[in-house]
Each structure stands twice: as C-alpha cells, then as structure tokens.
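Visitor: What follows is the file run.pdb, containing PDB, C-alpha atoms:
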```pdb
ATOM      1  CA  TYR A   1       0.000   0.000   0.000  1.00  0.00           C
ATOM      2  CA  PHE A   2       2.718   2.483   0.925  1.00  0.00           C
ATOM      3  CA  LYS A   3       5.417   3.632  -1.448  1.00  0.00           C
ATOM      4  CA  TRP A   4       8.826   2.770  -0.019  1.00  0.00           C
ATOM      5  CA  PRO A   5      11.440   5.354  -1.043  1.00  0.00           C
ATOM      6  CA  ARG A   6      14.103   4.108  -3.440  1.00  0.00           C
ATOM      7  CA  ARG A   7      16.661   6.313  -1.717  1.00  0.00           C
ATOM      8  CA  LEU A   8      16.839   6.998   2.001  1.00  0.00           C
ATOM      9  CA  HIS A   9      16.787  10.607   3.155  1.00  0.00           C
ATOM     10  CA  ALA A  10      20.011  11.905   4.657  1.00  0.00           C
ATOM     11  CA  GLY A  11      20.383  10.728   8.225  1.00  0.00           C
ATOM     12  CA  GLU A  12      17.493   8.235   7.995  1.00  0.00           C
ATOM     13  CA  SER A  13      17.941   4.491   8.269  1.00  0.00           C
ATOM     14  CA  PHE A  14      15.667   1.925   6.668  1.00  0.00           C
ATOM     15  CA  GLU A  15      14.339   1.122  10.160  1.00  0.00           C
ATOM     16  CA  GLN A  16      13.371   4.794  10.681  1.00  0.00           C
ATOM     17  CA  ILE A  17      11.501   4.778   7.374  1.00  0.00           C
ATOM     18  CA  ILE A  18       9.635   1.651   8.475  1.00  0.00           C
ATOM     19  CA  GLN A  19       8.725   3.302  11.788  1.00  0.00           C
ATOM     20  CA  LYS A  20       7.346   6.385  10.019  1.00  0.00           C
ATOM     21  CA  THR A  21       5.299   4.142   7.751  1.00  0.00           C
ATOM     22  CA  TYR A  22       3.924   2.260  10.745  1.00  0.00           C
ATOM     23  CA  VAL A  23       2.872   5.525  12.444  1.00  0.00           C
ATOM     24  CA  MET A  24       1.079   6.691   9.291  1.00  0.00           C
ATOM     25  CA  TRP A  25      -0.630   3.316   8.948  1.00  0.00           C
ATOM     26  CA  GLN A  26      -1.858   3.476  12.544  1.00  0.00           C
ATOM     27  CA  SER A  27      -3.202   7.000  11.986  1.00  0.00           C
ATOM     28  CA  LEU A  28      -4.978   5.848   8.834  1.00  0.00           C
ATOM     29  CA  CYS A  29      -6.508   2.861  10.642  1.00  0.00           C
ATOM     30  CA  GLU A  30      -7.815   5.064  13.463  1.00  0.00           C
ATOM     31  CA  TRP A  31      -9.383   7.471  10.953  1.00  0.00           C
ATOM     32  CA  LEU A  32     -11.029   4.695   8.962  1.00  0.00           C
ATOM     33  CA  ASP A  33     -12.286   2.916  12.062  1.00  0.00           C
ATOM     34  CA  SER A  34     -13.870   6.122  13.390  1.00  0.00           C
ATOM     35  CA  ALA A  35     -15.568   6.546   9.991  1.00  0.00           C
ATOM     36  CA  GLY A  36     -17.180   3.105  10.210  1.00  0.00           C
ATOM     37  CA  ALA A  37     -14.767   1.074   8.091  1.00  0.00           C
ATOM     38  CA  LEU A  38     -14.428  -2.658   8.741  1.00  0.00           C
ATOM     39  CA  GLY A  39     -11.126  -4.322   9.591  1.00  0.00           C
ATOM     40  CA  PHE A  40      -9.199  -1.348  10.989  1.00  0.00           C
ATOM     41  CA  SER A  41     -10.064  -1.409  14.711  1.00  0.00           C
ATOM     42  CA  PRO A  42      -7.244  -0.004  16.906  1.00  0.00           C
ATOM     43  CA  LEU A  43      -8.547  -2.193  19.771  1.00  0.00           C
ATOM     44  CA  THR A  44      -8.359  -5.573  18.072  1.00  0.00           C
ATOM     45  CA  GLY A  45      -5.815  -4.460  15.498  1.00  0.00           C
ATOM     46  CA  PRO A  46      -6.291  -4.186  11.723  1.00  0.00           C
ATOM     47  CA  SER A  47      -7.002  -7.352   9.731  1.00  0.00           C
ATOM     48  CA  ILE A  48      -3.857  -6.750   7.693  1.00  0.00           C
ATOM     49  CA  SER A  49      -0.862  -4.475   8.025  1.00  0.00           C
ATOM     50  CA  PRO A  50       1.994  -3.342   5.765  1.00  0.00           C
ATOM     51  CA  GLN A  51       5.129  -5.410   6.144  1.00  0.00           C
ATOM     52  CA  THR A  52       8.473  -5.821   4.473  1.00  0.00           C
ATOM     53  CA  PHE A  53       9.781  -9.224   3.487  1.00  0.00           C
ATOM     54  CA  GLU A  54      13.341 -10.131   2.632  1.00  0.00           C
ATOM     55  CA  ILE A  55      13.519 -12.072  -0.610  1.00  0.00           C
ATOM     56  CA  ASN A  56      16.880 -12.927  -2.131  1.00  0.00           C
ATOM     57  CA  GLY A  57      18.526 -10.288   0.030  1.00  0.00           C
ATOM     58  CA  LYS A  58      16.152  -7.505  -1.062  1.00  0.00           C
ATOM     59  CA  HIS A  59      13.421  -5.720   0.915  1.00  0.00           C
ATOM     60  CA  VAL A  60      10.027  -6.255  -0.697  1.00  0.00           C
ATOM     61  CA  ARG A  61       6.899  -4.403   0.465  1.00  0.00           C
ATOM     62  CA  GLY A  62       3.551  -6.108   0.967  1.00  0.00           C
ATOM     63  CA  VAL A  63       0.848  -6.853   3.489  1.00  0.00           C
ATOM     64  CA  ALA A  64       0.518  -9.559   6.103  1.00  0.00           C
ATOM     65  CA  ALA A  65      -2.549 -11.030   7.822  1.00  0.00           C
ATOM     66  CA  SER A  66      -2.736 -10.254  11.538  1.00  0.00           C
ATOM     67  CA  ARG A  67      -4.945 -13.276  12.340  1.00  0.00           C
ATOM     68  CA  ASP A  68      -6.549 -16.343  10.802  1.00  0.00           C
ATOM     69  CA  PHE A  69      -9.510 -15.762   8.490  1.00  0.00           C
ATOM     70  CA  SER A  70     -12.587 -17.829   7.711  1.00  0.00           C
ATOM     71  CA  VAL A  71     -13.565 -18.719   4.155  1.00  0.00           C
ATOM     72  CA  GLY A  72     -15.825 -15.998   2.743  1.00  0.00           C
ATOM     73  CA  GLU A  73     -15.038 -13.528   5.532  1.00  0.00           C
ATOM     74  CA  THR A  74     -14.861  -9.829   4.623  1.00  0.00           C
ATOM     75  CA  LEU A  75     -11.365  -8.624   5.470  1.00  0.00           C
ATOM     76  CA  LEU A  76     -11.688  -4.901   4.808  1.00  0.00           C
ATOM     77  CA  SER A  77     -14.506  -2.512   3.963  1.00  0.00           C
ATOM     78  CA  VAL A  78     -14.251   1.254   3.443  1.00  0.00           C
ATOM     79  CA  PRO A  79     -17.275   3.616   3.297  1.00  0.00           C
ATOM     80  CA  LEU A  80     -17.667   5.521   0.039  1.00  0.00           C
ATOM     81  CA  TYR A  81     -17.547   8.853   1.859  1.00  0.00           C
ATOM     82  CA  CYS A  82     -13.927   8.120   2.783  1.00  0.00           C
ATOM     83  CA  THR A  83     -12.963   7.800  -0.875  1.00  0.00           C
ATOM     84  CA  LEU A  84     -11.996  10.413  -3.454  1.00  0.00           C
ATOM     85  CA  ILE A  85     -14.305  10.140  -6.476  1.00  0.00           C
ATOM     86  CA  ALA A  86     -13.179  11.600  -9.801  1.00  0.00           C
ATOM     87  CA  GLU A  87     -16.689  12.273 -11.058  1.00  0.00           C
ATOM     88  CA  GLU A  88     -17.479  14.371  -7.968  1.00  0.00           C
ATOM     89  CA  MET A  89     -14.404  16.592  -8.274  1.00  0.00           C
ATOM     90  CA  ALA A  90     -14.601  20.122  -9.678  1.00  0.00           C
ATOM     91  CA  HIS A  91     -13.314  20.364 -13.247  1.00  0.00           C
ATOM     92  CA  PRO A  92     -10.007  22.297 -13.445  1.00  0.00           C
ATOM     93  CA  TYR A  93     -11.017  23.283 -16.983  1.00  0.00           C
ATOM     94  CA  GLU A  94     -14.000  22.637 -19.229  1.00  0.00           C
ATOM     95  CA  GLY A  95     -13.955  19.103 -20.580  1.00  0.00           C
ATOM     96  CA  ALA A  96     -11.174  17.941 -18.231  1.00  0.00           C
ATOM     97  CA  SER A  97     -10.460  14.207 -18.121  1.00  0.00           C
ATOM     98  CA  TRP A  98     -11.278  12.152 -15.035  1.00  0.00           C
ATOM     99  CA  GLY A  99      -7.554  11.944 -14.285  1.00  0.00           C
ATOM    100  CA  ALA A 100      -7.080  15.717 -14.358  1.00  0.00           C
ATOM    101  CA  CYS A 101     -10.162  16.202 -12.147  1.00  0.00           C
ATOM    102  CA  LEU A 102      -8.893  13.716  -9.575  1.00  0.00           C
ATOM    103  CA  ALA A 103      -5.311  15.016  -9.694  1.00  0.00           C
ATOM    104  CA  ALA A 104      -6.479  18.626  -9.241  1.00  0.00           C
ATOM    105  CA  GLY A 105      -8.729  17.606  -6.346  1.00  0.00           C
ATOM    106  CA  LEU A 106      -5.896  15.660  -4.732  1.00  0.00           C
ATOM    107  CA  ILE A 107      -3.528  18.619  -5.062  1.00  0.00           C
ATOM    108  CA  ARG A 108      -6.047  21.017  -3.502  1.00  0.00           C
ATOM    109  CA  GLU A 109      -6.721  18.689  -0.582  1.00  0.00           C
ATOM    110  CA  LYS A 110      -3.009  18.086   0.025  1.00  0.00           C
ATOM    111  CA  ASN A 111      -2.476  21.845   0.027  1.00  0.00           C
ATOM    112  CA  LYS A 112      -4.897  22.122   2.969  1.00  0.00           C
ATOM    113  CA  GLY A 113      -2.648  19.910   5.088  1.00  0.00           C
ATOM    114  CA  LYS A 114      -4.250  18.728   8.310  1.00  0.00           C
ATOM    115  CA  GLU A 115      -7.327  20.835   7.543  1.00  0.00           C
ATOM    116  CA  SER A 116      -8.322  18.359   4.839  1.00  0.00           C
ATOM    117  CA  PRO A 117     -10.790  15.690   6.018  1.00  0.00           C
ATOM    118  CA  TRP A 118      -8.715  13.165   4.008  1.00  0.00           C
ATOM    119  CA  TRP A 119      -5.383  14.088   5.604  1.00  0.00           C
ATOM    120  CA  PRO A 120      -4.754  10.674   7.265  1.00  0.00           C
ATOM    121  CA  PHE A 121      -5.070   9.139   3.784  1.00  0.00           C
ATOM    122  CA  LEU A 122      -3.242  11.871   1.870  1.00  0.00           C
ATOM    123  CA  GLN A 123      -0.102  11.693   3.993  1.00  0.00           C
ATOM    124  CA  THR A 124       0.329   8.023   3.074  1.00  0.00           C
ATOM    125  CA  LEU A 125       0.364   8.717  -0.662  1.00  0.00           C
ATOM    126  CA  PRO A 126       3.723   8.985  -2.436  1.00  0.00           C
ATOM    127  CA  SER A 127       4.662  12.341  -3.935  1.00  0.00           C
ATOM    128  CA  SER A 128       5.549  10.592  -7.195  1.00  0.00           C
ATOM    129  CA  MET A 129       5.646   7.154  -8.787  1.00  0.00           C
ATOM    130  CA  ASP A 130       8.344   5.312 -10.701  1.00  0.00           C
ATOM    131  CA  THR A 131       6.549   5.102 -14.049  1.00  0.00           C
ATOM    132  CA  PRO A 132       7.729   5.377 -17.663  1.00  0.00           C
ATOM    133  CA  VAL A 133       6.421   8.961 -17.685  1.00  0.00           C
ATOM    134  CA  SER A 134       9.027   9.913 -15.073  1.00  0.00           C
ATOM    135  CA  LEU A 135      11.949   8.413 -17.001  1.00  0.00           C
ATOM    136  CA  ARG A 136      14.622  10.743 -18.316  1.00  0.00           C
ATOM    137  CA  GLU A 137      15.062  10.983 -22.071  1.00  0.00           C
ATOM    138  CA  GLY A 138      18.255   8.930 -22.013  1.00  0.00           C
ATOM    139  CA  GLU A 139      16.650   6.218 -19.895  1.00  0.00           C
ATOM    140  CA  LEU A 140      13.599   6.126 -22.140  1.00  0.00           C
ATOM    141  CA  LEU A 141      15.660   5.641 -25.309  1.00  0.00           C
ATOM    142  CA  LYS A 142      17.304   2.550 -23.824  1.00  0.00           C
ATOM    143  CA  ALA A 143      13.996   0.723 -24.267  1.00  0.00           C
ATOM    144  CA  GLU A 144      14.629   0.599 -28.046  1.00  0.00           C
ATOM    145  CA  TYR A 145      10.981  -0.308 -28.642  1.00  0.00           C
ATOM    146  CA  PRO A 146       9.181   2.264 -30.823  1.00  0.00           C
ATOM    147  CA  PRO A 147       5.586   1.424 -29.746  1.00  0.00           C
ATOM    148  CA  PHE A 148       6.573   1.881 -26.090  1.00  0.00           C
ATOM    149  CA  LEU A 149       8.375   5.171 -26.810  1.00  0.00           C
ATOM    150  CA  ALA A 150       5.367   6.434 -28.761  1.00  0.00           C
ATOM    151  CA  ALA A 151       2.943   5.532 -25.962  1.00  0.00           C
ATOM    152  CA  VAL A 152       5.037   7.237 -23.259  1.00  0.00           C
ATOM    153  CA  THR A 153       5.595  10.322 -25.429  1.00  0.00           C
ATOM    154  CA  ASP A 154       1.850  10.572 -26.057  1.00  0.00           C
ATOM    155  CA  LEU A 155       1.083  10.260 -22.333  1.00  0.00           C
ATOM    156  CA  ARG A 156       3.653  12.922 -21.439  1.00  0.00           C
ATOM    157  CA  PHE A 157       2.183  15.255 -24.043  1.00  0.00           C
ATOM    158  CA  ARG A 158      -1.336  14.626 -22.712  1.00  0.00           C
ATOM    159  CA  PHE A 159      -0.337  15.303 -19.092  1.00  0.00           C
ATOM    160  CA  THR A 160       1.480  18.505 -20.098  1.00  0.00           C
ATOM    161  CA  SER A 161      -1.451  19.638 -22.241  1.00  0.00           C
ATOM    162  CA  GLU A 162      -3.889  19.065 -19.384  1.00  0.00           C
ATOM    163  CA  TYR A 163      -1.694  21.041 -16.988  1.00  0.00           C
ATOM    164  CA  GLN A 164      -1.539  23.974 -19.400  1.00  0.00           C
ATOM    165  CA  GLN A 165      -5.337  24.022 -19.717  1.00  0.00           C
ATOM    166  CA  CYS A 166      -5.982  23.975 -15.955  1.00  0.00           C
ATOM    167  CA  ASP A 167      -7.002  27.100 -14.087  1.00  0.00           C
ATOM    168  CA  PRO A 168      -3.980  27.834 -11.813  1.00  0.00           C
ATOM    169  CA  GLU A 169      -6.306  28.325  -8.838  1.00  0.00           C
ATOM    170  CA  SER A 170      -7.705  24.836  -9.331  1.00  0.00           C
ATOM    171  CA  LEU A 171      -4.177  23.460  -8.829  1.00  0.00           C
ATOM    172  CA  ALA A 172      -3.312  25.630  -5.817  1.00  0.00           C
ATOM    173  CA  GLY A 173      -0.395  27.029  -7.848  1.00  0.00           C
ATOM    174  CA  CYS A 174       1.438  23.703  -8.194  1.00  0.00           C
ATOM    175  CA  SER A 175       4.194  23.220 -10.756  1.00  0.00           C
ATOM    176  CA  GLU A 176       3.908  21.198 -13.949  1.00  0.00           C
ATOM    177  CA  THR A 177       6.239  18.567 -12.487  1.00  0.00           C
ATOM    178  CA  ASN A 178       4.066  18.241  -9.386  1.00  0.00           C
ATOM    179  CA  PHE A 179       0.936  17.902 -11.531  1.00  0.00           C
ATOM    180  CA  ILE A 180       2.485  15.189 -13.707  1.00  0.00           C
ATOM    181  CA  ASP A 181       3.722  13.332 -10.615  1.00  0.00           C
ATOM    182  CA  THR A 182       0.224  13.516  -9.129  1.00  0.00           C
ATOM    183  CA  MET A 183      -1.311  12.260 -12.374  1.00  0.00           C
ATOM    184  CA  SER A 184       1.039   9.272 -12.204  1.00  0.00           C
ATOM    185  CA  VAL A 185      -0.089   8.550  -8.636  1.00  0.00           C
ATOM    186  CA  VAL A 186      -3.750   8.864  -9.655  1.00  0.00           C
ATOM    187  CA  TYR A 187      -3.390   6.552 -12.649  1.00  0.00           C
ATOM    188  CA  SER A 188      -1.609   3.897 -10.575  1.00  0.00           C
ATOM    189  CA  ARG A 189      -4.026   3.915  -7.614  1.00  0.00           C
ATOM    190  CA  THR A 190      -7.502   4.429  -9.028  1.00  0.00           C
ATOM    191  CA  PHE A 191     -10.249   1.791  -9.193  1.00  0.00           C
ATOM    192  CA  ARG A 192     -13.070   1.860 -11.726  1.00  0.00           C
ATOM    193  CA  LEU A 193     -16.332   0.628 -10.221  1.00  0.00           C
ATOM    194  CA  GLY A 194     -19.744   0.981 -11.840  1.00  0.00           C
ATOM    195  CA  GLY A 195     -18.465   3.488 -14.374  1.00  0.00           C
ATOM    196  CA  ARG A 196     -16.956   5.787 -11.712  1.00  0.00           C
ATOM    197  CA  ARG A 197     -13.359   6.108 -10.566  1.00  0.00           C
ATOM    198  CA  TYR A 198     -12.270   5.990  -6.936  1.00  0.00           C
ATOM    199  CA  MET A 199      -9.158   6.402  -4.823  1.00  0.00           C
ATOM    200  CA  ILE A 200      -9.850   4.156  -1.842  1.00  0.00           C
ATOM    201  CA  PRO A 201      -7.838   4.551   1.388  1.00  0.00           C
ATOM    202  CA  ALA A 202      -5.943   1.405   2.444  1.00  0.00           C
ATOM    203  CA  ILE A 203      -7.448  -0.685  -0.367  1.00  0.00           C
ATOM    204  CA  ASP A 204      -5.162   0.510  -3.137  1.00  0.00           C
TER     205      ASP A 204
END
```
Give the structure from the file, written as structure tokens.

Guide:
Amino acid sequence: YFKWPRRLHAGESFEQIIQKTYVMWQSLCEWLDSAGALGFSPLTGPSISPQTFEINGKHVRGVAASRDFSVGETLLSVPLYCTLIAEEMAHPYEGASWGACLAAGLIREKNKGKESPWWPFLQTLPSSMDTPVSLREGELLKAEYPPFLAAVTDLRFRFTSEYQQCDPESLAGCSETNFIDTMSVVYSRTFRLGGRRYMIPAID
C-alpha cells in the first residue's frame, strides 16, 4: 500500500523509514475505524498491516494477515464517503479528463494539510511514482521499442497539455512537475467501479 522510497533521506535508516510508515498506517486505521470502516479497529488491530519481506537479500513491500480468516469472511470494507471520487471533483477546466479532475482535487486537498478531512489518507500517498512517464530521455531511449516510446511520449504530451489548460487556482499554484507526478499517482491507484473512478484509502 505504501510507497517505499528508493533512496533513504540523509540521516534516515531503513528502520526509521519503516517506523514512520507504521505511524502513518496506525493514523490511517484510526481514521477509517472512526468513519465506520471494517477491519481497521485499533482495539483488536487491523485485519492486515503493511510489512516488508526479505527475498533474495532484497526488501520487498507487501501486506501480512494479523490473524486467521474464515472462508468468505470480509477482510476490509471502506465507506464511500472516505474515498476520493473523480466524477465528484470540480473540473479544473471545461472538458477535463477524469484523471485531471482527480489530480487537481488531490492537489487542492493536500495543500490544505491537516485541515483536509482526508489528511490521514493523503499523507500516506507517495509524492511521485516510478513510471515510464518519469523516465529521463536517455533512460527512455534505452527501451529501443518504438511502440513503447510512442505511448510514453503521447502520455507525457497529454499530461502537459492538461496542466496547461488547468485554471492555476484549481491546482493551488502547483508546478507542472508536481501535476504530472500527481497524475502518475492517480493513474496507478484508481479503481473503476460501476463506471466511476475511486481512490480508496488502504485498499489501493
């Protein structure tokens, strides 16, 4: 669920990063439990929790069950009012795509900090994702596969075009790089259910 950093911040050990992640997870569980979600009780402990596993000498992120489960048992359930829904977000420009609407809404809510009702969720989201869109030109050319290069170039152009069309106020004055990074996060963590698109805390 959480995005482990590829590089540690100066002065921070891997164990300190894990501890920060655990604190954010606990805060998220408390928020979800108070909102009526299932499987996040701070009293009995969440049904699952983020863990790291060592495989072939490398740290791999994942989740682990905190207890035994019965067949057919619901592990986690999150109320819709805890989610961010693209189709309910204000359009940053006329005819904006669902991705731009959700990215703009996410940026505005993050800009509010702790004043945002979604803050416990927002602070767990990565600031960027390692996707082909974020590759440098030299790294991209190493792929040597024209269809892939064309697809990434098209996506970069689309993200840039959407940023340029957005009302600056709708993006809380964020930079183009920040917008593209947020679009990458949105595209990697959004579910489509019943024709609508959702960012769902703890489920993604």

Visitor: Please build the interface table for range 80-103 of chain A against range 139-163 of chain A with a cut-off of 9 Å, listing for each qualifying residue the nearest atom pair and the distance in Å to one decimal; count all atoms listed in the file, order rows by chain and increasing number, and write it as CSV.

Guide:
```
residue,atom,partner,partner_atom,distance
A:Tyr93,CA,A:Glu162,CA,8.6
A:Ala96,CA,A:Glu162,CA,7.5
A:Ser97,CA,A:Glu162,CA,8.3
A:Ala100,CA,A:Glu162,CA,6.8
```

Visitor: Please list as an MDAnalysis selection string every residue within 7 Å of range 74-90 of chain A, counting only C-alpha atoms and excluding residues in the same chain fewer than 3 positions away.

Guide: chainID A and resid 36:39 47 98 101:102 105 196:201

Visitor: Calculated over all atoms listed in the file, which of the candidates A:Ile55, A:Val133, A:Leu122, A:Cys166 has the smallest distance to Glu109 in chain A?

Guide: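 Among A:Ile55, A:Val133, A:Leu122, A:Cys166, it is A:Leu122 that comes nearest to Glu109 in chain A.
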
Visitor: List, as a PDB file with C-alpha atoms, in the frame of the given file, every residue that the PyMOL selection byres ((chain A and resi 118) around 10) selects in the file provided.

Guide:
```pdb
ATOM      1  CA  LEU A  28      -4.978   5.848   8.834  1.00  0.00           C
ATOM      2  CA  TRP A  31      -9.383   7.471  10.953  1.00  0.00           C
ATOM      3  CA  CYS A  82     -13.927   8.120   2.783  1.00  0.00           C
ATOM      4  CA  THR A  83     -12.963   7.800  -0.875  1.00  0.00           C
ATOM      5  CA  LEU A  84     -11.996  10.413  -3.454  1.00  0.00           C
ATOM      6  CA  LEU A 106      -5.896  15.660  -4.732  1.00  0.00           C
ATOM      7  CA  GLU A 109      -6.721  18.689  -0.582  1.00  0.00           C
ATOM      8  CA  LYS A 110      -3.009  18.086   0.025  1.00  0.00           C
ATOM      9  CA  LYS A 112      -4.897  22.122   2.969  1.00  0.00           C
ATOM     10  CA  GLY A 113      -2.648  19.910   5.088  1.00  0.00           C
ATOM     11  CA  LYS A 114      -4.250  18.728   8.310  1.00  0.00           C
ATOM     12  CA  GLU A 115      -7.327  20.835   7.543  1.00  0.00           C
ATOM     13  CA  SER A 116      -8.322  18.359   4.839  1.00  0.00           C
ATOM     14  CA  PRO A 117     -10.790  15.690   6.018  1.00  0.00           C
ATOM     15  CA  TRP A 119      -5.383  14.088   5.604  1.00  0.00           C
ATOM     16  CA  PRO A 120      -4.754  10.674   7.265  1.00  0.00           C
ATOM     17  CA  PHE A 121      -5.070   9.139   3.784  1.00  0.00           C
ATOM     18  CA  LEU A 122      -3.242  11.871   1.870  1.00  0.00           C
ATOM     19  CA  GLN A 123      -0.102  11.693   3.993  1.00  0.00           C
ATOM     20  CA  PRO A 201      -7.838   4.551   1.388  1.00  0.00           C
TER      21      PRO A 201
END
```

Visitor: Given the choices A:Glu94, A:Pro132, A:Val186, A:Gly195, which gets closest to Asp167 in chain A if the distance is worked out from all atoms listed in the file?

Guide: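 Of A:Glu94, A:Pro132, A:Val186, A:Gly195, the one nearest Asp167 in chain A is A:Glu94, counting all atoms listed in the file.
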
Visitor: Suppose you want the space between CA of Asp204 in chain A and CA of Ile48 in chain A; what is it in Å?

Guide: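 Taking CA of Asp204 in chain A and CA of Ile48 in chain A, their separation equals 13.1 Å.
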
Visitor: I'd like the box whose edges run along x, y and z of the file and which contains every listed atom of range 36-43 of chain A, padded by 4 Å per side; could you state its centre and edge lengths in Å, one decimal, as JSON?

Guide:
```
{"center_x": -12.2, "center_y": -0.6, "center_z": 13.9, "size_x": 17.9, "size_y": 15.4, "size_z": 19.7}
```

Visitor: Quick one: everything within 10 Å of Cys174 in chain A, counting all atoms listed in the file, minus sequence neighbours fewer than 4 positions away in the same chain. Send it as a compact mmCIF listing (two decimals) with C-alpha atoms, in the frame of the given file.

Guide:
```txt
# COMPACT_ATOMS: atom_id res chain seq x y z
CA ALA A 104 -6.48 18.63 -9.24
CA ILE A 107 -3.53 18.62 -5.06
CA ARG A 108 -6.05 21.02 -3.50
CA ASN A 111 -2.48 21.84 0.03
CA TYR A 163 -1.69 21.04 -16.99
CA PRO A 168 -3.98 27.83 -11.81
CA GLU A 169 -6.31 28.32 -8.84
CA SER A 170 -7.70 24.84 -9.33
CA ASN A 178 4.07 18.24 -9.39
CA PHE A 179 0.94 17.90 -11.53
```

Visitor: Using CA of Ala202 in chain A and CA of His59 in chain A as the two end points, give the distance in Å to one decimal.

Guide: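 It comes out at 20.7 Å.
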
Visitor: Compare A:Ala103, A:Val185, A:Gln165, A:Gly72 by their minimum atom-to-atom distance to Ser128 in chain A, counting all atoms listed in the file, and give me the closest one.

Guide: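 Of the candidates, the smallest distance to Ser128 in chain A is held by A:Val185.
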